[in-house]
>>> print(open('start_25.txt').read())   # compact mmCIF, C-alpha atoms and all ligand atoms
# COMPACT_ATOMS: atom_id res chain seq x y z
CA MET I 1 66.17 23.77 163.69
CA THR I 2 69.75 22.57 163.55
CA PRO I 3 69.98 18.89 162.57
CA PRO I 4 71.17 16.70 165.45
CA GLY I 5 74.59 15.15 164.99
CA THR I 6 75.90 18.11 162.99
CA THR I 7 75.59 20.74 165.71
CA SER I 8 78.78 21.99 167.34
CA PRO I 9 78.61 21.81 171.13
CA ALA I 10 78.88 25.62 171.31
CA ALA I 11 75.78 26.03 169.12
CA ARG I 12 73.70 23.80 171.37
CA PRO I 13 71.81 25.77 174.02
CA ASP I 14 71.84 24.20 177.46
CA GLU I 15 68.65 23.58 179.40
CA THR I 16 68.73 26.94 181.19
CA ALA I 17 69.41 28.79 177.97
CA TYR I 18 66.61 26.87 176.26
CA ASP I 19 64.21 27.65 179.06
CA ARG I 20 65.25 31.32 178.96
CA ARG I 21 64.84 31.42 175.19
CA ARG I 22 61.34 29.90 175.46
CA LEU I 23 60.41 32.46 178.11
CA ARG I 24 61.79 35.28 175.94
CA GLN I 25 59.81 33.98 172.97
CA TRP I 26 56.77 33.78 175.18
CA LEU I 27 57.16 37.35 176.41
CA ALA I 28 57.74 38.52 172.83
CA GLY I 29 54.51 36.81 171.78
CA ASP I 30 56.14 34.30 169.42
CA ALA I 31 56.93 31.35 171.66
CA ARG I 32 54.65 29.24 169.48
CA ALA I 33 57.10 29.56 166.61
CA ASP I 34 59.98 27.48 168.04
CA GLY I 35 61.62 25.87 165.01
CA VAL I 36 59.04 27.06 162.47
CA SER I 37 59.30 30.15 160.26
CA ARG I 38 57.15 33.14 161.04
CA ARG I 39 55.51 32.98 157.60
CA ARG I 40 54.59 29.30 158.12
CA MET I 41 53.21 30.20 161.58
CA LEU I 42 50.95 32.89 160.15
CA THR I 43 49.57 30.44 157.57
CA LEU I 44 48.96 27.85 160.27
CA LEU I 45 47.19 30.35 162.50
CA ALA I 46 44.99 31.77 159.73
CA ALA I 47 41.90 29.68 160.51
CA THR I 48 40.32 29.54 163.93
CA ALA I 49 36.97 27.78 164.41
CA ALA I 50 34.48 28.05 167.28
CA ALA I 51 34.89 25.97 170.44
CA THR I 52 32.86 22.77 170.71
CA THR I 53 32.14 21.44 174.17
CA LEU I 54 31.06 17.83 174.21
CA PRO I 55 29.31 15.62 176.83
CA ALA I 56 30.93 14.16 179.97
CA PRO I 57 33.70 11.49 180.02
CA ARG I 58 34.40 8.00 181.33
CA THR I 59 37.70 6.19 180.85
CA ALA I 60 38.09 2.42 180.73
CA HIS I 61 41.49 1.21 181.91
CA ALA I 62 42.35 -2.48 182.00
CA ALA I 63 45.93 -3.69 182.45
CA ALA I 64 47.47 -6.43 180.26
CA GLY I 65 51.01 -7.90 180.05
CA PRO I 66 53.71 -5.52 178.83
CA ILE I 67 52.82 -6.30 175.21
CA VAL I 68 49.53 -7.75 173.94
CA LYS I 69 50.41 -8.96 170.43
CA PRO I 70 52.33 -12.21 169.80
CA LEU I 71 56.12 -11.78 169.56
CA PRO I 72 57.38 -14.68 167.45
CA PRO I 73 61.17 -14.96 167.95
CA GLU I 74 61.78 -14.95 164.19
CA TRP I 75 60.34 -11.40 164.03
CA PHE I 76 61.21 -9.88 167.41
CA ILE I 77 63.94 -9.59 170.02
CA GLN I 78 62.30 -9.02 173.42
CA ARG I 79 63.92 -6.34 175.53
CA GLY I 80 62.14 -5.95 178.87
CA THR I 81 58.79 -4.19 178.30
CA ASN I 82 59.83 -3.57 174.67
CA ALA I 83 60.15 -5.62 171.47
CA GLU I 84 62.65 -4.89 168.69
CA THR I 85 61.87 -5.82 165.08
CA ARG I 86 64.46 -8.08 163.43
CA TRP I 87 65.66 -6.52 160.18
CA GLU I 88 65.63 -9.85 158.37
CA ALA I 89 61.86 -9.98 159.11
CA LEU I 90 61.38 -6.88 156.92
CA ARG I 91 62.79 -8.57 153.78
CA GLY I 92 60.01 -8.50 151.19
CA THR I 93 57.47 -6.66 153.34
CA GLY I 94 57.08 -3.61 151.08
CA HIS I 95 57.36 0.03 152.09
CA HIS I 96 55.10 -0.22 155.15
CA THR I 97 55.96 -2.34 158.18
CA PRO I 98 53.12 -4.82 158.84
CA ASN I 99 51.42 -4.12 162.18
CA ASP I 100 52.31 -7.57 163.49
CA ARG I 101 56.05 -6.91 162.93
CA PHE I 102 56.17 -3.28 164.14
CA PHE I 103 58.49 -2.67 167.13
CA VAL I 104 56.93 -1.82 170.51
CA ARG I 105 58.38 0.60 173.04
CA ASN I 106 56.44 0.66 176.33
CA HIS I 107 57.57 2.47 179.46
CA THR I 108 55.26 0.16 181.45
CA ALA I 109 52.60 -1.99 179.80
CA THR I 110 50.00 -1.77 177.05
CA PRO I 111 46.62 -0.71 178.53
CA VAL I 112 43.64 -2.37 176.86
CA LEU I 113 41.19 0.51 176.41
CA ASP I 114 37.62 0.65 175.16
CA ALA I 115 37.00 3.17 172.36
CA GLY I 116 33.37 3.58 173.53
CA ASP I 117 34.50 4.85 176.95
CA TRP I 118 37.50 6.78 175.71
CA ARG I 119 37.54 10.58 175.83
CA LEU I 120 40.17 13.08 174.80
CA ARG I 121 40.25 16.01 177.22
CA LEU I 122 41.78 19.35 176.28
CA TRP I 123 42.47 21.83 179.03
CA GLY I 124 44.75 24.65 180.12
CA ASP I 125 45.26 28.39 179.88
CA GLY I 126 46.11 28.17 176.17
CA LEU I 127 42.44 27.62 175.39
CA ARG I 128 39.83 30.36 175.30
CA GLY I 129 37.79 30.29 178.52
CA THR I 130 40.75 28.49 180.19
CA PRO I 131 39.07 25.12 180.82
CA ALA I 132 40.50 23.45 183.96
CA GLU I 133 41.79 19.86 184.10
CA ASP I 134 38.54 18.79 185.82
CA ARG I 135 36.29 20.73 183.39
CA PRO I 136 37.99 20.14 180.03
CA VAL I 137 36.80 20.40 176.43
CA GLU I 138 36.11 16.80 175.37
CA PHE I 139 36.01 14.67 172.25
CA GLY I 140 34.83 11.05 172.04
CA TYR I 141 36.12 8.48 169.55
CA ASP I 142 33.12 9.01 167.24
CA ASP I 143 33.60 12.79 167.43
CA LEU I 144 37.14 12.37 166.08
CA ARG I 145 36.06 9.90 163.39
CA ALA I 146 33.43 12.42 162.24
CA LEU I 147 36.08 15.09 161.58
CA PRO I 148 37.86 15.34 158.20
CA SER I 149 40.56 12.65 158.06
CA VAL I 150 44.05 12.69 156.62
CA THR I 151 46.36 9.78 155.76
CA ARG I 152 50.14 9.88 155.72
CA THR I 153 53.09 7.52 155.65
CA ALA I 154 55.57 8.16 158.47
CA PHE I 155 58.12 6.37 160.58
CA VAL I 156 58.03 6.05 164.34
CA GLU I 157 61.59 5.57 165.56
CA CYS I 158 62.87 5.49 169.11
CA ALA I 159 65.47 8.17 169.93
CA GLY I 160 67.63 5.29 171.24
CA ASN I 161 67.47 3.20 168.05
CA GLY I 162 71.01 1.98 167.24
CA ARG I 163 72.13 2.68 170.84
CA SER I 164 74.05 -0.63 171.25
CA HIS I 165 76.45 0.46 168.49
CA TYR I 166 77.83 3.21 170.73
CA THR I 167 79.17 0.28 172.76
CA THR I 168 79.91 -2.37 170.10
CA GLN I 169 81.52 0.02 167.57
CA GLN I 170 82.79 2.86 169.72
CA GLY I 171 83.39 1.33 173.14
CA GLU I 172 81.14 3.86 174.91
CA THR I 173 79.09 3.05 178.00
CA VAL I 174 75.51 4.28 177.59
CA SER I 175 72.29 3.72 179.56
CA GLY I 176 68.95 2.52 178.19
CA THR I 177 67.53 -0.33 176.10
CA ALA I 178 70.30 -1.92 174.00
CA TRP I 179 68.50 -1.60 170.66
CA THR I 180 70.37 -2.63 167.51
CA LEU I 181 68.62 -0.97 164.51
CA GLY I 182 65.10 -2.42 164.83
CA ALA I 183 63.41 0.28 166.94
CA ILE I 184 61.79 1.75 163.82
CA GLY I 185 58.74 1.05 161.69
CA VAL I 186 56.92 2.87 158.89
CA ALA I 187 53.13 2.83 158.70
CA ARG I 188 50.30 4.54 156.86
CA TRP I 189 48.56 6.47 159.60
CA ARG I 190 45.02 7.81 159.33
CA GLY I 191 43.49 10.25 161.73
CA VAL I 192 42.62 13.89 162.25
CA ARG I 193 44.92 16.85 162.31
CA LEU I 194 45.78 17.90 165.84
CA ALA I 195 45.41 21.47 164.49
CA ASP I 196 41.72 20.85 163.70
CA VAL I 197 41.04 19.52 167.20
CA LEU I 198 42.94 22.39 168.85
CA ARG I 199 41.01 24.97 166.84
CA ARG I 200 37.68 23.32 167.66
CA ALA I 201 38.68 23.31 171.32
CA GLY I 202 39.17 27.08 171.16
CA LEU I 203 42.90 27.62 170.79
CA ALA I 204 43.84 31.01 172.25
CA ARG I 205 46.19 33.44 170.50
CA HIS I 206 48.71 33.27 173.34
CA ALA I 207 49.05 29.43 173.47
CA VAL I 208 52.67 28.25 173.05
CA ASP I 209 52.97 24.56 174.01
CA VAL I 210 50.73 21.49 174.04
CA GLN I 211 51.40 18.42 176.17
CA PRO I 212 49.69 15.11 175.32
CA ARG I 213 49.65 12.49 178.10
CA GLY I 214 49.15 8.73 177.86
CA LEU I 215 46.58 6.61 179.72
CA ASP I 216 49.16 3.91 180.51
CA ALA I 217 50.41 3.51 184.11
CA GLU I 218 52.69 6.01 185.81
CA TYR I 219 56.36 5.49 185.04
CA VAL I 220 58.55 4.70 188.05
CA SER I 221 62.26 5.43 187.71
CA GLY I 222 64.75 5.01 190.59
CA GLY I 223 61.90 4.36 193.04
CA GLU I 224 60.19 7.65 192.13
CA SER I 225 56.99 8.01 190.10
CA LEU I 226 57.47 10.46 187.24
CA GLY I 227 53.73 10.39 186.51
CA ARG I 228 52.13 9.33 183.26
CA VAL I 229 54.14 9.52 180.04
CA ARG I 230 53.88 13.06 178.64
CA ARG I 231 56.07 15.41 176.65
CA PRO I 232 55.54 19.02 175.55
CA LEU I 233 55.39 19.93 171.87
CA PRO I 234 55.81 23.52 170.64
CA LEU I 235 52.55 24.78 169.14
CA ALA I 236 54.18 25.38 165.74
CA LYS I 237 54.90 21.65 165.31
CA ALA I 238 51.51 20.72 166.78
CA LEU I 239 49.77 22.88 164.15
CA ASP I 240 52.02 21.80 161.28
CA ASP I 241 51.81 18.06 160.54
CA VAL I 242 50.87 16.26 163.77
CA LEU I 243 48.02 13.73 163.66
CA LEU I 244 45.75 12.16 166.22
CA ALA I 245 45.87 8.74 164.56
CA TYR I 246 43.21 6.04 164.91
CA GLU I 247 44.27 3.78 162.02
CA MET I 248 47.56 2.06 161.21
CA ASN I 249 48.00 0.43 157.80
CA GLY I 250 44.23 0.43 157.19
CA GLU I 251 43.28 -1.19 160.52
CA PRO I 252 42.18 0.32 163.82
CA LEU I 253 45.34 1.02 165.87
CA PRO I 254 46.49 -2.22 167.55
CA TYR I 255 46.42 -2.11 171.37
CA ASP I 256 50.22 -2.00 171.57
CA HIS I 257 50.46 0.98 169.23
CA GLY I 258 48.05 3.24 171.08
CA TYR I 259 44.44 2.08 170.64
CA PRO I 260 42.14 3.87 170.40
CA VAL I 261 44.10 7.05 169.52
CA ARG I 262 47.79 8.05 169.52
CA VAL I 263 49.67 11.19 168.64
CA LEU I 264 51.85 10.89 165.52
CA VAL I 265 54.62 13.47 165.20
CA PRO I 266 56.30 12.97 161.79
CA SER I 267 60.12 13.01 161.66
CA TRP I 268 60.57 13.56 165.41
CA VAL I 269 61.91 11.13 168.03
CA GLY I 270 59.37 8.40 168.92
CA ILE I 271 58.71 9.72 172.43
CA ALA I 272 56.82 12.67 170.89
CA SER I 273 54.22 10.26 169.47
CA ILE I 274 52.29 9.63 172.70
CA LYS I 275 50.22 6.43 172.60
CA TRP I 276 46.83 5.96 174.30
CA VAL I 277 46.45 9.72 174.51
CA GLY I 278 43.92 10.72 177.17
CA ASP I 279 44.40 14.44 177.56
CA ILE I 280 46.26 17.36 176.07
CA GLN I 281 47.29 20.35 178.12
CA VAL I 282 47.31 23.53 176.05
CA SER I 283 49.50 26.12 177.71
CA ALA I 284 50.20 29.82 177.47
CA GLN I 285 53.68 29.17 178.93
CA PRO I 286 56.43 26.72 177.98
CA LEU I 287 55.89 23.31 179.61
CA PHE I 288 58.38 20.83 181.04
CA SER I 289 58.22 17.14 181.90
CA PRO I 290 60.89 14.52 182.70
CA TRP I 291 60.65 13.54 179.00
CA ASN I 292 62.03 16.88 177.78
CA THR I 293 64.39 17.61 180.71
CA GLN I 294 66.11 14.56 182.22
CA PHE I 295 65.43 12.30 179.23
CA TYR I 296 65.62 13.03 175.49
CA ARG I 297 68.33 15.64 175.68
CA LEU I 298 72.03 14.96 175.01
CA PHE I 299 74.30 14.76 178.06
CA GLY I 300 78.00 13.99 178.27
CA PRO I 301 81.45 15.53 177.70
CA ALA I 302 80.57 16.81 174.20
CA HIS I 303 77.42 18.52 175.47
CA PRO I 304 76.60 21.41 177.79
CA PRO I 305 76.45 20.50 181.52
CA GLU I 306 72.67 20.97 181.54
CA GLY I 307 72.25 18.92 178.37
CA SER I 308 71.32 19.90 174.82
CA ALA I 309 67.97 21.38 173.84
CA PRO I 310 65.17 18.77 173.96
CA LEU I 311 65.47 16.35 171.02
CA THR I 312 63.17 17.00 168.09
CA ARG I 313 64.03 15.57 164.63
CA GLN I 314 65.42 12.10 164.22
CA THR I 315 68.88 11.60 162.77
CA LEU I 316 70.06 9.65 159.69
CA LYS I 317 70.48 5.84 159.54
CA SER I 318 70.74 2.82 157.25
CA ALA I 319 70.14 -0.90 157.78
CA PHE I 320 70.45 -4.11 155.77
CA GLU I 321 67.47 -6.49 155.69
CA LEU I 322 69.75 -9.19 157.04
CA ALA I 323 70.41 -11.07 160.26
CA ASP I 324 73.72 -10.45 162.00
CA GLY I 325 76.15 -13.11 160.79
CA ALA I 326 74.12 -13.94 157.65
CA THR I 327 76.01 -16.29 155.30
CA PHE I 328 76.54 -15.96 151.53
CA ALA I 329 77.81 -18.56 149.09
CA ALA I 330 81.07 -17.51 147.42
CA GLY I 331 81.14 -17.20 143.63
CA ARG I 332 77.36 -16.78 143.37
CA GLY I 333 75.26 -13.67 142.58
CA HIS I 334 73.32 -12.17 145.52
CA VAL I 335 71.25 -9.02 145.94
CA LEU I 336 71.62 -7.07 149.19
CA HIS I 337 68.57 -5.11 150.31
CA GLY I 338 68.26 -2.34 152.86
CA ARG I 339 66.59 0.91 153.84
CA SER I 340 67.81 4.36 154.87
CA TRP I 341 65.91 7.21 156.53
CA SER I 342 66.34 10.65 158.01
CA GLY I 343 64.41 13.07 160.19
CA ALA I 344 65.64 16.03 158.14
CA GLY I 345 64.41 15.10 154.65
CA GLY I 346 64.24 12.23 152.16
CA VAL I 347 67.17 9.89 151.52
CA ALA I 348 68.49 10.64 148.05
CA ARG I 349 71.70 8.61 147.94
CA VAL I 350 73.06 5.45 149.54
CA ASP I 351 76.57 4.05 149.14
CA VAL I 352 77.37 0.45 150.05
CA SER I 353 80.65 -1.27 150.83
CA THR I 354 80.94 -5.07 150.79
CA ASP I 355 84.62 -5.15 151.78
CA GLY I 356 84.52 -3.59 155.23
CA GLY I 357 84.67 0.02 153.99
CA THR I 358 87.57 -0.06 151.49
CA THR I 359 85.54 0.41 148.31
CA TRP I 360 82.05 1.84 147.85
CA ARG I 361 79.39 1.79 145.16
CA ARG I 362 76.06 3.48 144.75
CA ALA I 363 72.93 1.49 145.65
CA ASN I 364 69.83 1.42 143.41
CA LEU I 365 66.98 3.28 145.09
CA HIS I 366 63.50 1.71 145.05
CA ASP I 367 61.53 4.61 146.51
CA ARG I 368 61.30 8.27 145.62
CA PRO I 369 63.09 10.19 148.42
CA ARG I 370 60.36 11.44 150.76
CA ALA I 371 60.59 13.21 154.10
CA GLY I 372 59.39 11.29 157.16
CA THR I 373 59.85 7.82 155.67
CA TRP I 374 62.60 5.52 154.46
CA THR I 375 64.01 4.83 151.00
CA ARG I 376 64.46 1.15 150.09
CA TRP I 377 67.58 0.22 148.12
CA SER I 378 69.55 -2.74 146.78
CA VAL I 379 72.97 -3.67 145.39
CA PRO I 380 74.05 -6.82 143.57
CA TRP I 381 76.97 -8.68 145.17
CA ARG I 382 79.10 -11.59 143.95
CA PRO I 383 81.47 -12.38 146.83
CA THR I 384 84.73 -14.15 146.02
CA GLY I 385 87.04 -14.54 149.05
CA ARG I 386 85.68 -16.75 151.84
CA GLY I 387 85.54 -15.68 155.47
CA ALA I 388 84.13 -13.02 157.76
CA THR I 389 83.57 -9.48 156.44
CA HIS I 390 81.44 -6.41 157.10
CA LEU I 391 78.74 -4.80 154.96
CA LEU I 392 78.36 -1.04 155.33
CA ALA I 393 75.73 1.41 154.04
CA ARG I 394 76.01 5.19 154.15
CA ALA I 395 73.02 7.44 153.46
CA THR I 396 72.92 11.06 152.30
CA ASP I 397 69.67 12.97 152.77
CA THR I 398 68.04 15.78 150.81
CA ALA I 399 69.11 18.19 153.58
CA GLY I 400 72.75 17.39 152.72
CA ARG I 401 73.50 15.31 155.80
CA ARG I 402 75.64 12.20 155.37
CA GLN I 403 76.19 9.42 157.91
CA PRO I 404 79.55 9.89 159.67
CA ASP I 405 82.02 7.11 160.58
CA VAL I 406 81.70 7.91 164.29
CA SER I 407 78.71 9.22 166.22
CA VAL I 408 79.31 11.88 168.91
CA PRO I 409 78.46 10.00 172.12
CA ASN I 410 75.96 11.01 174.80
CA THR I 411 75.35 9.25 178.13
CA GLN I 412 71.85 8.01 177.24
CA GLY I 413 72.90 6.79 173.79
CA TYR I 414 70.42 8.78 171.71
CA LEU I 415 70.57 9.62 167.99
CA PHE I 416 73.23 7.13 166.86
CA ASP I 417 73.95 8.10 163.25
CA ALA I 418 77.29 6.50 162.30
CA VAL I 419 77.64 3.91 159.53
CA VAL I 420 76.97 0.49 161.09
CA ARG I 421 79.34 -2.40 160.32
CA HIS I 422 77.09 -5.40 159.63
CA PRO I 423 78.93 -8.72 160.15
CA VAL I 424 78.44 -11.47 157.51
CA THR I 425 80.33 -14.59 156.46
CA VAL I 426 81.13 -15.76 152.92
CA ILE I 427 81.23 -19.57 152.72
N1 LIG I 501 51.72 6.65 176.44
C1 LIG I 501 52.91 6.27 175.96
N2 LIG I 501 53.29 6.75 174.77
C2 LIG I 501 54.48 6.39 174.23
C3 LIG I 501 55.37 5.53 174.95
C4 LIG I 501 54.92 5.01 176.20
O1 LIG I 501 55.60 4.22 176.88
N3 LIG I 501 53.68 5.42 176.67
N4 LIG I 501 56.59 5.25 174.42
C5 LIG I 501 57.12 6.24 173.46
C6 LIG I 501 58.34 5.85 172.81
S1 LIG I 501 59.76 6.07 173.70
C7 LIG I 501 58.36 5.43 171.50
S2 LIG I 501 59.83 5.11 170.72
C8 LIG I 501 57.11 5.21 170.74
C9 LIG I 501 57.03 3.76 170.24
O2 LIG I 501 55.85 3.55 169.50
P1 LIG I 501 55.39 2.06 169.16
O3 LIG I 501 55.41 1.25 170.42
O4 LIG I 501 54.04 2.18 168.52
O5 LIG I 501 56.39 1.50 168.16
O6 LIG I 501 55.95 5.48 171.53
C10 LIG I 501 56.08 6.58 172.40
N5 LIG I 501 54.81 6.85 173.00
MO MO I 502 61.51 5.79 172.28
>>> encode(input="start_25.txt", output="structure tokens")
Amino acid sequence: MTPPGTTSPAARPDETAYDRRRLRQWLAGDARADGVSRRRMLTLLAATAAATTLPAPRTAHAAAGPIVKPLPPEWFIQRGTNAETRWEALRGTGHHTPNDRFFVRNHTATPVLDAGDWRLRLWGDGLRGTPAEDRPVEFGYDDLRALPSVTRTAFVECAGNGRSHYTTQQGETVSGTAWTLGAIGVARWRGVRLADVLRRAGLARHAVDVQPRGLDAEYVSGGESLGRVRRPLPLAKALDDVLLAYEMNGEPLPYDHGYPVRVLVPSWVGIASIKWVGDIQVSAQPLFSPWNTQFYRLFGPAHPPEGSAPLTRQTLKSAFELADGATFAAGRGHVLHGRSWSGAGGVARVDVSTDGGTTWRRANLHDRPRAGTWTRWSVPWRPTGRGATHLLARATDTAGRRQPDVSVPNTQGYLFDAVVRHPVTVI
């Protein structure tokens, strides 16, 4: 997998090329391995358990407002059906984002579901016996809770996080929610491995893609229903580190974050982590949905006419735990805090400038660099001259990526990775 933001346009396959490549992989019998080494694939495929068919389903489905939890203005900026976390609200919160401050990205509205009625249905020609959509292999909430559980810390970050900076820093026009940097949160997720559930459902040798789908309402765009939110995942990623999560920071998943069960795809763009998952199609052929064709690819002059390959890993970013326009007393000692993260590895180095980018010094790191989550950092600062200035932070990750000064634009404003100029005033 080539890290986004560092790929030359020529190296980026367009949609047709991607589709052709997936079909070639499929015909060659290794379509499952997209982005994962063959050796890793063989390890992942080593164990295959017997199919378990469970009793019949019922699904509760009650609509609520776009977001159920309270959105106090000191913690959130409301953006349509979504809520962005304010970075100043993360000051002092520790490594994990508290559930009540975690950003929410809803295509429509949070459905209030009942775990007792909920069923996960697995179906498709990538399962042995080829269960149809109306005769799927099923798991109830208690069935999942009875399986071995795993816990891991991981961020969920919207592909469009930082989007507004394409406009405010680079003068580009982009479509989509005008997030600043608060469309990210880190939680401790507990659940079962998707791999365990797929194997119990009778994963067939020729399966290549899985497609989880949410139980929230159909998404209407430009007067046309695109159906319920769903996005294909290559089997290799599905078998690697993907969870079906039922707990977030030690509590049952909150309604807004996918109760009773969501998919959690570490390091990938947030859209992969389908909330309120109701069914998973397991396919012997590559799958497509609007969320890996018209959305969540890169379009624009720097990209192929059909768009880039579907987005996978997140890019690299940094943010200060400060409000825009925060004020600092001149001649006094302050400590600036922030966090940096990457979809390609841990963040191992952060440089900070307090003079608008003229001079830089290394920040002190407060977390061990770890893939899939952020590294907290700080720098002492004693400002002298009064007036407006910018604070800048530049991260370098363990994969050797470093935040650039300018992000290559794309029409939908995904994967902003440039150093953000944070305005402050010294008084
Ligand atoms: N079913 C469903 N899953 C979804 C979405 C959605 O609207 N419906 N939004 C996706 C997007 S775009 C993001 S960024 C994350 C946001 O997760 P959060 O709301 O828990 O922060 O959920 C993803 N999963
Ligand atoms: Mo997103």
>>> residues_around(input="start_25.txt", residues="His337 (chain I)", least_positions_apart="4", cutoff="9 Å", atoms="all atoms listed in the file", output="ChimeraX atom specification")
/I:91,319-322,376-380
>>> closest_atom_pairs(input="start_25.txt", of="chain I", to="ligand LIG 501 (chain I)", cutoff="7 Å", atoms="all atoms listed in the file", output="Markdown table")
| residue | atom | partner | partner_atom | distance |
| --- | --- | --- | --- | --- |
| I:Phe102 | CA | I:LIG501 | O5 | 6.2 |
| I:Phe103 | CA | I:LIG501 | O5 | 4.8 |
| I:Val104 | CA | I:LIG501 | O3 | 3.4 |
| I:Arg105 | CA | I:LIG501 | O3 | 4.0 |
| I:Asn106 | CA | I:LIG501 | O1 | 3.7 |
| I:His107 | CA | I:LIG501 | O1 | 3.7 |
| I:Thr108 | CA | I:LIG501 | O1 | 6.1 |
| I:Val156 | CA | I:LIG501 | O2 | 6.1 |
| I:Glu157 | CA | I:LIG501 | S2 | 5.5 |
| I:Cys158 | CA | I:LIG501 | S2 | 3.5 |
| I:Ala159 | CA | I:LIG501 | S2 | 6.5 |
| I:Ile184 | CA | I:LIG501 | O5 | 6.9 |
| I:Gly185 | CA | I:LIG501 | O5 | 6.9 |
| I:Arg213 | CA | I:LIG501 | N1 | 6.4 |
| I:Gly214 | CA | I:LIG501 | N1 | 3.6 |
| I:Leu215 | CA | I:LIG501 | N1 | 6.1 |
| I:Asp216 | CA | I:LIG501 | N1 | 5.5 |
| I:Val229 | CA | I:LIG501 | N1 | 5.2 |
| I:Asp256 | CA | I:LIG501 | O3 | 6.2 |
| I:His257 | CA | I:LIG501 | O4 | 3.8 |
| I:Gly258 | CA | I:LIG501 | O4 | 6.6 |
| I:Val269 | CA | I:LIG501 | S2 | 6.9 |
| I:Gly270 | CA | I:LIG501 | S2 | 3.8 |
| I:Ile271 | CA | I:LIG501 | C6 | 3.9 |
| I:Ala272 | CA | I:LIG501 | C10 | 6.3 |
| I:Ser273 | CA | I:LIG501 | N5 | 4.9 |
| I:Ile274 | CA | I:LIG501 | N2 | 3.7 |
| I:Lys275 | CA | I:LIG501 | N2 | 3.8 |
| I:Trp276 | CA | I:LIG501 | N1 | 5.4 |
| I:Val277 | CA | I:LIG501 | N1 | 6.4 |
>>> atom_distance(input="start_25.txt", atom1="CA of Pro98 (chain I)", atom2="CA of Asp351 (chain I)")
26.9 Å
>>> atom_distance(input="start_25.txt", atom1="CA of Asn161 (chain I)", atom2="CA of Trp341 (chain I)")
12.3 Å
>>> closest_residue(input="start_25.txt", among="I:Trp75, I:Phe288, I:Trp360, I:Trp179", to="ligand MO 502 (chain I)", atoms="only C-alpha atoms and all ligand atoms")
I:Trp179
>>> residues_near_point(input="start_25.txt", point="(45.7, 22.3, 179.8)", cutoff="6 Å", atoms="all atoms listed in the file", output="list in words")
Trp123, Gly124, Gln281, Val282 and Ser283 of chain I
>>> atom_distance(input="start_25.txt", atom1="CA of Leu253 (chain I)", atom2="CA of Ile77 (chain I)")
21.8 Å
>>> residues_near_point(input="start_25.txt", point="(48.9, 18.3, 162.9)", cutoff="8 Å", atoms="only C-alpha atoms", output="JSON, numbers by chain")
{"I": [192, 193, 194, 195, 196, 237, 238, 239, 240, 241, 242, 243, 244, 265]}
